[in-house]
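Novice: Contents of model11.cif (mmCIF, N, CA and C atoms and all ligand atoms) are below:
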data_data
loop_
_atom_site.label_atom_id
_atom_site.label_comp_id
_atom_site.auth_asym_id
_atom_site.auth_seq_id
_atom_site.Cartn_x
_atom_site.Cartn_y
_atom_site.Cartn_z
N MET A 720 -9.36 4.64 7.38
CA MET A 720 -8.28 4.01 8.15
C MET A 720 -7.33 3.29 7.20
N ILE A 721 -6.05 3.53 7.38
CA ILE A 721 -5.02 2.96 6.49
C ILE A 721 -4.34 1.79 7.22
N ALA A 722 -4.30 0.63 6.58
CA ALA A 722 -3.61 -0.54 7.15
C ALA A 722 -2.17 -0.54 6.66
N LEU A 723 -1.24 -0.72 7.57
CA LEU A 723 0.18 -0.78 7.21
C LEU A 723 0.74 -2.16 7.48
N GLY A 724 1.60 -2.64 6.58
CA GLY A 724 2.28 -3.90 6.81
C GLY A 724 3.62 -3.90 6.10
N CYS A 725 4.55 -4.66 6.65
CA CYS A 725 5.88 -4.75 6.03
C CYS A 725 6.54 -6.06 6.46
N ASP A 726 7.62 -6.40 5.78
CA ASP A 726 8.52 -7.42 6.30
C ASP A 726 9.80 -6.71 6.73
N HIS A 727 10.83 -7.48 7.07
CA HIS A 727 12.09 -6.88 7.53
C HIS A 727 12.70 -5.96 6.47
N GLY A 728 12.46 -6.30 5.18
CA GLY A 728 13.02 -5.49 4.09
C GLY A 728 12.34 -4.15 3.93
N GLY A 729 11.19 -3.99 4.57
CA GLY A 729 10.44 -2.73 4.45
C GLY A 729 10.24 -2.01 5.77
N TYR A 730 10.85 -2.56 6.82
CA TYR A 730 10.58 -2.02 8.16
C TYR A 730 10.99 -0.55 8.33
N GLU A 731 12.19 -0.19 7.85
CA GLU A 731 12.67 1.19 8.07
C GLU A 731 11.79 2.19 7.31
N LEU A 732 11.41 1.85 6.09
CA LEU A 732 10.54 2.76 5.33
C LEU A 732 9.17 2.86 5.99
N LYS A 733 8.68 1.75 6.53
CA LYS A 733 7.37 1.82 7.22
C LYS A 733 7.45 2.82 8.37
N GLN A 734 8.56 2.86 9.09
CA GLN A 734 8.70 3.82 10.20
C GLN A 734 8.61 5.26 9.69
N GLU A 735 9.20 5.53 8.52
CA GLU A 735 9.13 6.88 7.94
C GLU A 735 7.70 7.20 7.51
N ILE A 736 7.01 6.21 6.98
CA ILE A 736 5.61 6.42 6.56
C ILE A 736 4.74 6.67 7.79
N ILE A 737 5.01 5.99 8.87
CA ILE A 737 4.26 6.23 10.12
C ILE A 737 4.45 7.68 10.57
N LYS A 738 5.68 8.17 10.51
CA LYS A 738 5.93 9.58 10.89
C LYS A 738 5.11 10.52 10.01
N TYR A 739 5.13 10.26 8.69
CA TYR A 739 4.35 11.09 7.75
C TYR A 739 2.87 11.06 8.10
N LEU A 740 2.33 9.89 8.38
CA LEU A 740 0.89 9.77 8.68
C LEU A 740 0.57 10.50 9.97
N GLU A 741 1.43 10.36 10.97
CA GLU A 741 1.19 11.05 12.25
C GLU A 741 1.24 12.56 12.06
N GLU A 742 2.24 13.04 11.32
CA GLU A 742 2.36 14.49 11.10
C GLU A 742 1.16 15.07 10.35
N ASN A 743 0.52 14.23 9.55
CA ASN A 743 -0.62 14.69 8.75
C ASN A 743 -1.97 14.27 9.34
N ASN A 744 -1.93 13.79 10.59
CA ASN A 744 -3.15 13.37 11.30
C ASN A 744 -3.99 12.39 10.49
N LEU A 745 -3.33 11.46 9.85
CA LEU A 745 -4.03 10.44 9.06
C LEU A 745 -4.10 9.16 9.89
N PRO A 746 -5.30 8.65 10.15
CA PRO A 746 -5.42 7.45 11.00
C PRO A 746 -4.89 6.19 10.31
N PHE A 747 -4.17 5.39 11.05
CA PHE A 747 -3.63 4.14 10.50
C PHE A 747 -3.60 3.06 11.57
N LYS A 748 -3.50 1.82 11.10
CA LYS A 748 -3.29 0.70 12.01
C LYS A 748 -2.09 -0.08 11.49
N ASP A 749 -1.14 -0.32 12.37
CA ASP A 749 0.10 -1.00 11.99
C ASP A 749 0.00 -2.49 12.30
N PHE A 750 0.01 -3.31 11.24
CA PHE A 750 -0.12 -4.76 11.40
C PHE A 750 1.25 -5.47 11.44
N GLY A 751 2.34 -4.71 11.65
CA GLY A 751 3.66 -5.32 11.73
C GLY A 751 4.29 -5.49 10.36
N CYS A 752 5.54 -6.04 10.34
CA CYS A 752 6.27 -6.51 11.50
C CYS A 752 6.79 -5.31 12.31
N TYR A 753 7.27 -5.58 13.51
CA TYR A 753 7.59 -4.49 14.43
C TYR A 753 9.08 -4.29 14.69
N ASP A 754 9.91 -5.02 13.99
CA ASP A 754 11.37 -4.75 14.02
C ASP A 754 11.96 -5.35 12.75
N ASN A 755 13.29 -5.30 12.60
CA ASN A 755 13.85 -5.80 11.33
C ASN A 755 14.36 -7.23 11.40
N SER A 756 13.80 -8.04 12.31
CA SER A 756 14.10 -9.48 12.30
C SER A 756 13.43 -10.11 11.07
N SER A 757 14.08 -11.14 10.54
CA SER A 757 13.58 -11.75 9.31
C SER A 757 12.22 -12.43 9.51
N VAL A 758 11.28 -12.07 8.64
CA VAL A 758 9.92 -12.64 8.68
C VAL A 758 9.47 -12.96 7.26
N ASP A 759 8.29 -13.55 7.12
CA ASP A 759 7.77 -13.96 5.82
C ASP A 759 6.71 -12.96 5.35
N TYR A 760 7.00 -12.28 4.23
CA TYR A 760 6.12 -11.19 3.80
C TYR A 760 4.66 -11.60 3.53
N PRO A 761 4.37 -12.86 3.06
CA PRO A 761 2.95 -13.14 2.79
C PRO A 761 2.06 -13.08 4.04
N ILE A 762 2.65 -13.32 5.20
CA ILE A 762 1.88 -13.26 6.46
C ILE A 762 1.38 -11.83 6.68
N TYR A 763 2.24 -10.86 6.40
CA TYR A 763 1.88 -9.45 6.65
C TYR A 763 0.99 -8.91 5.54
N ALA A 764 1.19 -9.42 4.33
CA ALA A 764 0.28 -9.05 3.24
C ALA A 764 -1.13 -9.48 3.61
N ARG A 765 -1.26 -10.69 4.15
CA ARG A 765 -2.59 -11.22 4.47
C ARG A 765 -3.26 -10.44 5.61
N LYS A 766 -2.46 -10.01 6.60
CA LYS A 766 -3.04 -9.22 7.70
C LYS A 766 -3.67 -7.93 7.14
N VAL A 767 -2.97 -7.31 6.19
CA VAL A 767 -3.46 -6.05 5.62
C VAL A 767 -4.65 -6.30 4.68
N THR A 768 -4.59 -7.36 3.86
CA THR A 768 -5.73 -7.63 2.98
C THR A 768 -6.96 -8.01 3.81
N ASP A 769 -6.77 -8.75 4.90
CA ASP A 769 -7.91 -9.08 5.78
C ASP A 769 -8.54 -7.81 6.34
N ALA A 770 -7.70 -6.87 6.77
CA ALA A 770 -8.22 -5.62 7.35
C ALA A 770 -9.09 -4.89 6.32
N ILE A 771 -8.72 -4.98 5.05
CA ILE A 771 -9.50 -4.30 4.01
C ILE A 771 -10.75 -5.11 3.64
N THR A 772 -10.60 -6.40 3.43
CA THR A 772 -11.77 -7.18 3.00
C THR A 772 -12.79 -7.31 4.13
N HIS A 773 -12.35 -7.20 5.38
CA HIS A 773 -13.29 -7.25 6.52
C HIS A 773 -13.87 -5.88 6.86
N GLY A 774 -13.41 -4.82 6.15
CA GLY A 774 -13.98 -3.50 6.34
C GLY A 774 -13.38 -2.68 7.48
N GLU A 775 -12.33 -3.20 8.11
CA GLU A 775 -11.69 -2.46 9.21
C GLU A 775 -10.91 -1.25 8.67
N CYS A 776 -10.34 -1.41 7.49
CA CYS A 776 -9.55 -0.35 6.85
C CYS A 776 -10.02 -0.23 5.40
N ASP A 777 -9.88 0.95 4.82
CA ASP A 777 -10.30 1.10 3.41
C ASP A 777 -9.13 1.11 2.44
N LYS A 778 -7.93 1.36 2.95
CA LYS A 778 -6.74 1.36 2.10
C LYS A 778 -5.60 0.71 2.88
N GLY A 779 -4.56 0.29 2.14
CA GLY A 779 -3.40 -0.29 2.80
C GLY A 779 -2.11 0.08 2.10
N ILE A 780 -1.03 0.02 2.87
CA ILE A 780 0.31 0.21 2.31
C ILE A 780 1.16 -0.97 2.76
N LEU A 781 1.76 -1.65 1.80
CA LEU A 781 2.60 -2.82 2.09
C LEU A 781 4.01 -2.56 1.56
N ILE A 782 4.99 -2.82 2.39
CA ILE A 782 6.38 -2.54 2.01
C ILE A 782 7.23 -3.78 2.25
N CYS A 783 8.00 -4.16 1.24
CA CYS A 783 9.03 -5.18 1.43
C CYS A 783 10.29 -4.68 0.71
N GLY A 784 11.26 -5.55 0.49
CA GLY A 784 12.49 -5.09 -0.12
C GLY A 784 12.26 -4.50 -1.50
N THR A 785 11.50 -5.25 -2.31
CA THR A 785 11.21 -4.80 -3.68
C THR A 785 9.78 -4.31 -3.87
N GLY A 786 8.89 -4.70 -2.98
CA GLY A 786 7.46 -4.46 -3.15
C GLY A 786 6.80 -5.54 -4.00
N ILE A 787 7.61 -6.38 -4.62
CA ILE A 787 7.07 -7.39 -5.55
C ILE A 787 6.37 -8.53 -4.79
N GLY A 788 7.04 -9.07 -3.79
CA GLY A 788 6.43 -10.17 -3.03
C GLY A 788 5.11 -9.74 -2.42
N MET A 789 5.09 -8.55 -1.84
CA MET A 789 3.86 -8.04 -1.23
C MET A 789 2.76 -7.89 -2.28
N SER A 790 3.10 -7.38 -3.46
CA SER A 790 2.04 -7.17 -4.46
C SER A 790 1.53 -8.50 -5.01
N ILE A 791 2.42 -9.46 -5.19
CA ILE A 791 1.97 -10.79 -5.66
C ILE A 791 1.02 -11.39 -4.63
N ALA A 792 1.43 -11.35 -3.37
CA ALA A 792 0.61 -11.95 -2.30
C ALA A 792 -0.73 -11.24 -2.16
N ALA A 793 -0.71 -9.91 -2.13
CA ALA A 793 -1.95 -9.16 -1.91
C ALA A 793 -2.93 -9.36 -3.05
N ASN A 794 -2.43 -9.42 -4.29
CA ASN A 794 -3.32 -9.54 -5.44
C ASN A 794 -3.95 -10.92 -5.60
N LYS A 795 -3.57 -11.88 -4.75
CA LYS A 795 -4.24 -13.19 -4.74
C LYS A 795 -5.61 -13.11 -4.10
N VAL A 796 -5.86 -12.01 -3.38
CA VAL A 796 -7.08 -11.90 -2.57
C VAL A 796 -8.16 -11.17 -3.37
N ARG A 797 -9.35 -11.78 -3.47
CA ARG A 797 -10.47 -11.17 -4.20
C ARG A 797 -10.82 -9.81 -3.59
N GLY A 798 -10.97 -8.82 -4.45
CA GLY A 798 -11.33 -7.48 -3.97
C GLY A 798 -10.14 -6.59 -3.72
N ILE A 799 -8.94 -7.18 -3.76
CA ILE A 799 -7.74 -6.38 -3.55
C ILE A 799 -7.15 -5.98 -4.90
N ARG A 800 -6.82 -4.69 -5.01
CA ARG A 800 -6.13 -4.17 -6.19
C ARG A 800 -4.87 -3.48 -5.66
N ALA A 801 -3.78 -4.25 -5.65
CA ALA A 801 -2.51 -3.76 -5.10
C ALA A 801 -1.63 -3.26 -6.23
N ALA A 802 -1.14 -2.03 -6.09
CA ALA A 802 -0.31 -1.41 -7.12
C ALA A 802 1.10 -1.19 -6.59
N LEU A 803 2.06 -1.82 -7.23
CA LEU A 803 3.48 -1.59 -6.90
C LEU A 803 3.93 -0.35 -7.65
N CYS A 804 4.29 0.70 -6.93
CA CYS A 804 4.64 1.97 -7.56
C CYS A 804 6.06 2.41 -7.21
N GLY A 805 6.78 2.85 -8.23
CA GLY A 805 8.12 3.39 -8.03
C GLY A 805 8.24 4.80 -8.58
N ASP A 806 7.08 5.38 -8.96
CA ASP A 806 7.07 6.76 -9.47
C ASP A 806 5.72 7.38 -9.13
N THR A 807 5.69 8.71 -9.13
CA THR A 807 4.48 9.41 -8.68
C THR A 807 3.35 9.35 -9.72
N TYR A 808 3.69 9.28 -11.01
CA TYR A 808 2.65 9.18 -12.04
C TYR A 808 1.85 7.88 -11.87
N SER A 809 2.57 6.77 -11.71
CA SER A 809 1.89 5.48 -11.52
C SER A 809 1.05 5.50 -10.24
N ALA A 810 1.58 6.15 -9.21
CA ALA A 810 0.84 6.21 -7.94
C ALA A 810 -0.49 6.93 -8.15
N ARG A 811 -0.45 8.07 -8.83
CA ARG A 811 -1.67 8.85 -9.06
C ARG A 811 -2.66 8.07 -9.92
N VAL A 812 -2.16 7.48 -11.01
CA VAL A 812 -3.07 6.80 -11.94
C VAL A 812 -3.57 5.47 -11.36
N SER A 813 -2.80 4.86 -10.49
CA SER A 813 -3.28 3.61 -9.85
C SER A 813 -4.51 3.88 -9.00
N ARG A 814 -4.65 5.10 -8.49
CA ARG A 814 -5.86 5.47 -7.74
C ARG A 814 -6.93 5.95 -8.72
N ALA A 815 -6.57 6.87 -9.62
CA ALA A 815 -7.55 7.51 -10.50
C ALA A 815 -8.19 6.51 -11.47
N HIS A 816 -7.42 5.60 -12.01
CA HIS A 816 -7.93 4.68 -13.03
C HIS A 816 -8.19 3.27 -12.50
N ASN A 817 -7.31 2.78 -11.63
CA ASN A 817 -7.42 1.38 -11.19
C ASN A 817 -8.10 1.22 -9.83
N ASN A 818 -8.39 2.34 -9.18
CA ASN A 818 -8.98 2.31 -7.83
C ASN A 818 -8.18 1.36 -6.92
N ALA A 819 -6.87 1.44 -7.01
CA ALA A 819 -6.02 0.58 -6.18
C ALA A 819 -6.34 0.81 -4.71
N ASN A 820 -6.50 -0.29 -3.98
CA ASN A 820 -6.77 -0.14 -2.53
C ASN A 820 -5.55 -0.50 -1.68
N ILE A 821 -4.48 -0.94 -2.33
CA ILE A 821 -3.21 -1.14 -1.62
C ILE A 821 -2.08 -0.57 -2.46
N LEU A 822 -1.21 0.18 -1.81
CA LEU A 822 0.02 0.68 -2.41
C LEU A 822 1.17 -0.20 -1.93
N CYS A 823 1.95 -0.74 -2.86
CA CYS A 823 3.14 -1.52 -2.49
C CYS A 823 4.39 -0.73 -2.84
N LEU A 824 5.36 -0.78 -1.94
CA LEU A 824 6.61 -0.05 -2.12
C LEU A 824 7.80 -0.96 -1.85
N GLY A 825 8.91 -0.70 -2.54
CA GLY A 825 10.13 -1.46 -2.34
C GLY A 825 11.18 -0.59 -1.66
N GLU A 826 11.42 -0.85 -0.38
CA GLU A 826 12.38 -0.02 0.37
C GLU A 826 13.78 -0.07 -0.22
N ARG A 827 14.15 -1.22 -0.80
CA ARG A 827 15.51 -1.37 -1.33
C ARG A 827 15.63 -0.83 -2.75
N VAL A 828 14.52 -0.34 -3.30
CA VAL A 828 14.51 0.10 -4.70
C VAL A 828 14.45 1.62 -4.81
N ILE A 829 13.57 2.24 -3.99
CA ILE A 829 13.41 3.69 -4.10
C ILE A 829 13.86 4.36 -2.80
N GLY A 830 14.23 5.61 -2.90
CA GLY A 830 14.65 6.39 -1.73
C GLY A 830 13.45 6.82 -0.90
N GLU A 831 13.77 7.19 0.33
CA GLU A 831 12.72 7.58 1.27
C GLU A 831 11.90 8.78 0.79
N HIS A 832 12.55 9.78 0.20
CA HIS A 832 11.82 10.99 -0.18
C HIS A 832 10.86 10.73 -1.33
N LEU A 833 11.32 9.94 -2.31
CA LEU A 833 10.41 9.56 -3.39
C LEU A 833 9.26 8.72 -2.83
N ALA A 834 9.57 7.81 -1.94
CA ALA A 834 8.53 6.95 -1.36
C ALA A 834 7.47 7.79 -0.66
N LEU A 835 7.88 8.82 0.08
CA LEU A 835 6.91 9.65 0.79
C LEU A 835 6.08 10.50 -0.18
N ASP A 836 6.69 10.96 -1.28
CA ASP A 836 5.92 11.66 -2.31
C ASP A 836 4.87 10.73 -2.93
N ILE A 837 5.28 9.49 -3.18
CA ILE A 837 4.36 8.50 -3.75
C ILE A 837 3.18 8.28 -2.79
N VAL A 838 3.49 8.11 -1.51
CA VAL A 838 2.44 7.90 -0.51
C VAL A 838 1.49 9.10 -0.49
N ASP A 839 2.05 10.29 -0.48
CA ASP A 839 1.26 11.52 -0.42
C ASP A 839 0.29 11.60 -1.60
N ILE A 840 0.79 11.40 -2.80
CA ILE A 840 -0.05 11.49 -4.00
C ILE A 840 -1.08 10.37 -4.02
N TRP A 841 -0.65 9.19 -3.66
CA TRP A 841 -1.56 8.03 -3.69
C TRP A 841 -2.74 8.24 -2.74
N LEU A 842 -2.45 8.76 -1.54
CA LEU A 842 -3.52 8.97 -0.56
C LEU A 842 -4.45 10.12 -0.94
N LYS A 843 -3.92 11.11 -1.67
CA LYS A 843 -4.73 12.29 -2.00
C LYS A 843 -5.55 12.14 -3.28
N THR A 844 -5.28 11.11 -4.07
CA THR A 844 -5.96 10.96 -5.36
C THR A 844 -7.18 10.06 -5.23
N GLY A 845 -8.29 10.52 -5.82
CA GLY A 845 -9.52 9.74 -5.79
C GLY A 845 -9.72 8.97 -7.09
N PHE A 846 -10.61 7.98 -7.03
CA PHE A 846 -10.97 7.18 -8.20
C PHE A 846 -11.85 8.02 -9.12
N GLU A 847 -11.56 8.02 -10.41
CA GLU A 847 -12.34 8.82 -11.36
C GLU A 847 -13.65 8.18 -11.77
N GLY A 848 -13.78 6.87 -11.58
CA GLY A 848 -15.02 6.18 -11.95
C GLY A 848 -15.23 6.18 -13.46
N GLY A 849 -16.52 6.25 -13.90
CA GLY A 849 -16.84 6.28 -15.33
C GLY A 849 -16.32 5.05 -16.05
N ARG A 850 -15.62 5.27 -17.17
CA ARG A 850 -15.12 4.13 -17.96
C ARG A 850 -14.13 3.30 -17.15
N HIS A 851 -13.47 3.92 -16.18
CA HIS A 851 -12.51 3.17 -15.36
C HIS A 851 -13.24 2.21 -14.41
N LYS A 852 -14.43 2.61 -13.96
CA LYS A 852 -15.23 1.72 -13.09
C LYS A 852 -15.63 0.48 -13.88
N ARG A 853 -16.03 0.68 -15.14
CA ARG A 853 -16.43 -0.46 -15.97
C ARG A 853 -15.27 -1.46 -16.05
N ARG A 854 -14.07 -0.96 -16.20
CA ARG A 854 -12.91 -1.85 -16.35
C ARG A 854 -12.57 -2.55 -15.03
N VAL A 855 -12.66 -1.79 -13.94
CA VAL A 855 -12.38 -2.41 -12.63
C VAL A 855 -13.46 -3.46 -12.34
N ASP A 856 -14.71 -3.17 -12.72
CA ASP A 856 -15.80 -4.13 -12.51
C ASP A 856 -15.54 -5.43 -13.29
N ILE A 857 -14.94 -5.31 -14.45
CA ILE A 857 -14.62 -6.52 -15.23
C ILE A 857 -13.61 -7.38 -14.46
N ILE A 858 -12.64 -6.73 -13.83
CA ILE A 858 -11.66 -7.48 -13.03
C ILE A 858 -12.37 -8.21 -11.89
N GLU A 859 -13.26 -7.49 -11.21
CA GLU A 859 -13.93 -8.06 -10.03
C GLU A 859 -14.88 -9.18 -10.43
C1 LIG B 1 13.41 -10.23 1.82
O1 LIG B 1 14.77 -10.50 1.76
C2 LIG B 1 12.89 -9.91 0.43
O2 LIG B 1 12.87 -11.06 -0.34
C3 LIG B 1 11.49 -9.31 0.54
O3 LIG B 1 11.53 -8.17 1.33
C4 LIG B 1 10.84 -8.89 -0.75
O4 LIG B 1 11.69 -8.11 -1.53
C5 LIG B 1 10.16 -9.93 -1.51
O5 LIG B 1 9.54 -9.66 -2.56
#
Would it be possible to restate this file's structure as C-alpha cells?
Specialist:
Amino acid sequence: MIALGCDHGGYELKQEIIKYLEENNLPFKDFGCYDNSSVDYPIYARKVTDAITHGECDKGILICGTGIGMSIAANKVRGIRAALCGDTYSARVSRAHNNANILCLGERVIGEHLALDIVDIWLKTGFEGGRHKRRVDIIE
C-alpha cells in the first residue's frame, strides 16, 4: 500500500500520480491535502510517515513545490528514508541502494512526464541488500 501526501504546491502533481496508480491497479491511500488551498507541508509529511511507521503502508510519495520541505520533514522520523528525486537514475538507486521508503517530488521543479517516469521506476525497483543493507543498518 502506497501512502500519498502533498501540500498545495504539490496538489496537481498528486492528482496525476493518482491517475497513474489507478491505471496500473496499484493500491494507495491519499492522506491529503485535497485541494490547492494553502496548507503546511509538515502536517502531511507526518501523516504519511505515520502510515509507514505504523505499518499501514510500506511506501510513500510526498509532493510539495520543491520536494525539499517534505524531505526535510519526513527524514526527521526514525525509520524513514525519504529521497528527493529529480531524475530517474536517482530514483532507481534510491531504492536499490538506499532502500528509500518515501519518494519526494517537487511539482514546481520537474514536469509531469518526468515525475511519472520517476514514480514508475521508483515503484518497480527493489532493494539490492548486501553491502547496501549494511550501510542502511548503520543509518538506522
Ligand atoms: C509552498 O509555497 C512551498 O514552500 C512548499 O510547497 C515547498 O516547496 C516547501 O518546501
Novice: Give the answer as one residue: which of A:Leu740, A:Val828, A:Ile771, A:Ile837 has the shortest atom-to-atom distance to Ala810 (chain A), using all atoms listed in the file?
Specialist: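 Smallest distance to Ala810 (chain A) is found for A:Ile837.
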Novice: Using DSSP on the backbone coordinates, identify the residues of region 757-800 of chain A assigned to strand (DSSP E or B); present them as a list of chain:residue names.
Specialist: A:Lys778, A:Gly779, A:Ile780, A:Leu781, A:Ile782, A:Cys783
Novice: Which residues, written as a count of residues only, have at least one atom at most 6 Å from Asp749 (chain A), with only N, CA and C atoms counted and residues fewer than 4 positions away on the same chain left out?
Specialist: 3
Novice: Draw an axis-aligned box tight on the listed atoms of region 823-826 of chain A, then pad every side by 5 Å and write out centre and edge lengths in Å to one decimal as JSON.
Specialist:
{"center_x": 7.9, "center_y": -0.8, "center_z": -1.2, "size_x": 21.8, "size_y": 11.5, "size_z": 13.2}
Novice: With only N, CA and C atoms and all ligand atoms counted and 8 Å as the cut-off, give the residues of chain A in contact with ligand LIG 1 (chain B), each with its shortest interatomic distance in Å and the pair that gives it, as JSON lines.
Specialist:
{"residue": "A:Cys725", "atom": "C", "partner": "B:LIG1", "partner_atom": "O3", "distance": 7.5}
{"residue": "A:Asp726", "atom": "C", "partner": "B:LIG1", "partner_atom": "O3", "distance": 5.9}
{"residue": "A:His727", "atom": "C", "partner": "B:LIG1", "partner_atom": "O3", "distance": 5.7}
{"residue": "A:Gly728", "atom": "CA", "partner": "B:LIG1", "partner_atom": "O3", "distance": 4.1}
{"residue": "A:Gly729", "atom": "N", "partner": "B:LIG1", "partner_atom": "O3", "distance": 5.3}
{"residue": "A:Tyr730", "atom": "N", "partner": "B:LIG1", "partner_atom": "O3", "distance": 7.9}
{"residue": "A:Ser757", "atom": "CA", "partner": "B:LIG1", "partner_atom": "C1", "distance": 7.6}
{"residue": "A:Val758", "atom": "C", "partner": "B:LIG1", "partner_atom": "C1", "distance": 7.3}
{"residue": "A:Asp759", "atom": "C", "partner": "B:LIG1", "partner_atom": "C3", "distance": 7.7}
{"residue": "A:Tyr760", "atom": "N", "partner": "B:LIG1", "partner_atom": "C3", "distance": 6.5}
{"residue": "A:Pro761", "atom": "N", "partner": "B:LIG1", "partner_atom": "C5", "distance": 7.9}
{"residue": "A:Ile782", "atom": "C", "partner": "B:LIG1", "partner_atom": "O3", "distance": 6.2}
{"residue": "A:Cys783", "atom": "C", "partner": "B:LIG1", "partner_atom": "O3", "distance": 3.8}
{"residue": "A:Gly784", "atom": "N", "partner": "B:LIG1", "partner_atom": "O3", "distance": 2.8}
{"residue": "A:Thr785", "atom": "N", "partner": "B:LIG1", "partner_atom": "O4", "distance": 3.0}
{"residue": "A:Gly786", "atom": "N", "partner": "B:LIG1", "partner_atom": "O4", "distance": 4.6}
{"residue": "A:Ile787", "atom": "C", "partner": "B:LIG1", "partner_atom": "O5", "distance": 4.0}
{"residue": "A:Gly788", "atom": "N", "partner": "B:LIG1", "partner_atom": "O5", "distance": 2.8}
{"residue": "A:Met789", "atom": "N", "partner": "B:LIG1", "partner_atom": "O5", "distance": 4.6}
{"residue": "A:Ser790", "atom": "N", "partner": "B:LIG1", "partner_atom": "O5", "distance": 6.9}
{"residue": "A:Ile791", "atom": "N", "partner": "B:LIG1", "partner_atom": "O5", "distance": 7.6}
{"residue": "A:Gly825", "atom": "CA", "partner": "B:LIG1", "partner_atom": "O4", "distance": 6.9}
{"residue": "A:Glu826", "atom": "N", "partner": "B:LIG1", "partner_atom": "O4", "distance": 7.4}
{"residue": "A:Arg827", "atom": "N", "partner": "B:LIG1", "partner_atom": "O4", "distance": 7.4}
Novice: Excluding Asp806 (chain A) and residues on its chain fewer than 5 positions from it, collect all residues at most 8 Å away from it, counting only N, CA and C atoms, and give them as a list of chain:residue names.
Specialist: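 Returned residues: A:Arg811, A:Leu833, A:Ala834, A:Asp836, A:Ile837, A:Val838.
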Novice: By how many Å are CA of Asp754 (chain A) and atom C of Ser809 (chain A) apart?
Specialist: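 One can read the CA of Asp754 (chain A) to atom C of Ser809 (chain A) distance as 28.3 Å.
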Novice: Looking at A:Asn743, A:Ile799, A:Gly774, A:Tyr808, which one is nearest to Ile840 (chain A), with distances taken over only C-alpha atoms?
Specialist: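 Using only C-alpha atoms, the shortest distance to Ile840 (chain A) belongs to A:Tyr808.
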Novice: Can you measure atom N of Tyr739 (chain A) to CA of Glu847 (chain A) for me? One decimal in Å is fine.
Specialist: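 Answer for the atom N of Tyr739 (chain A) to CA of Glu847 (chain A) separation: 26.6 Å.
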Novice: Nearest to Thr772 (chain A) among A:Arg797, A:Gly845, A:Gln734, A:Asn744, with distances taken over only N, CA and C atoms: which residue is it?
Specialist: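 Closest to Thr772 (chain A), using only N, CA and C atoms: A:Arg797.
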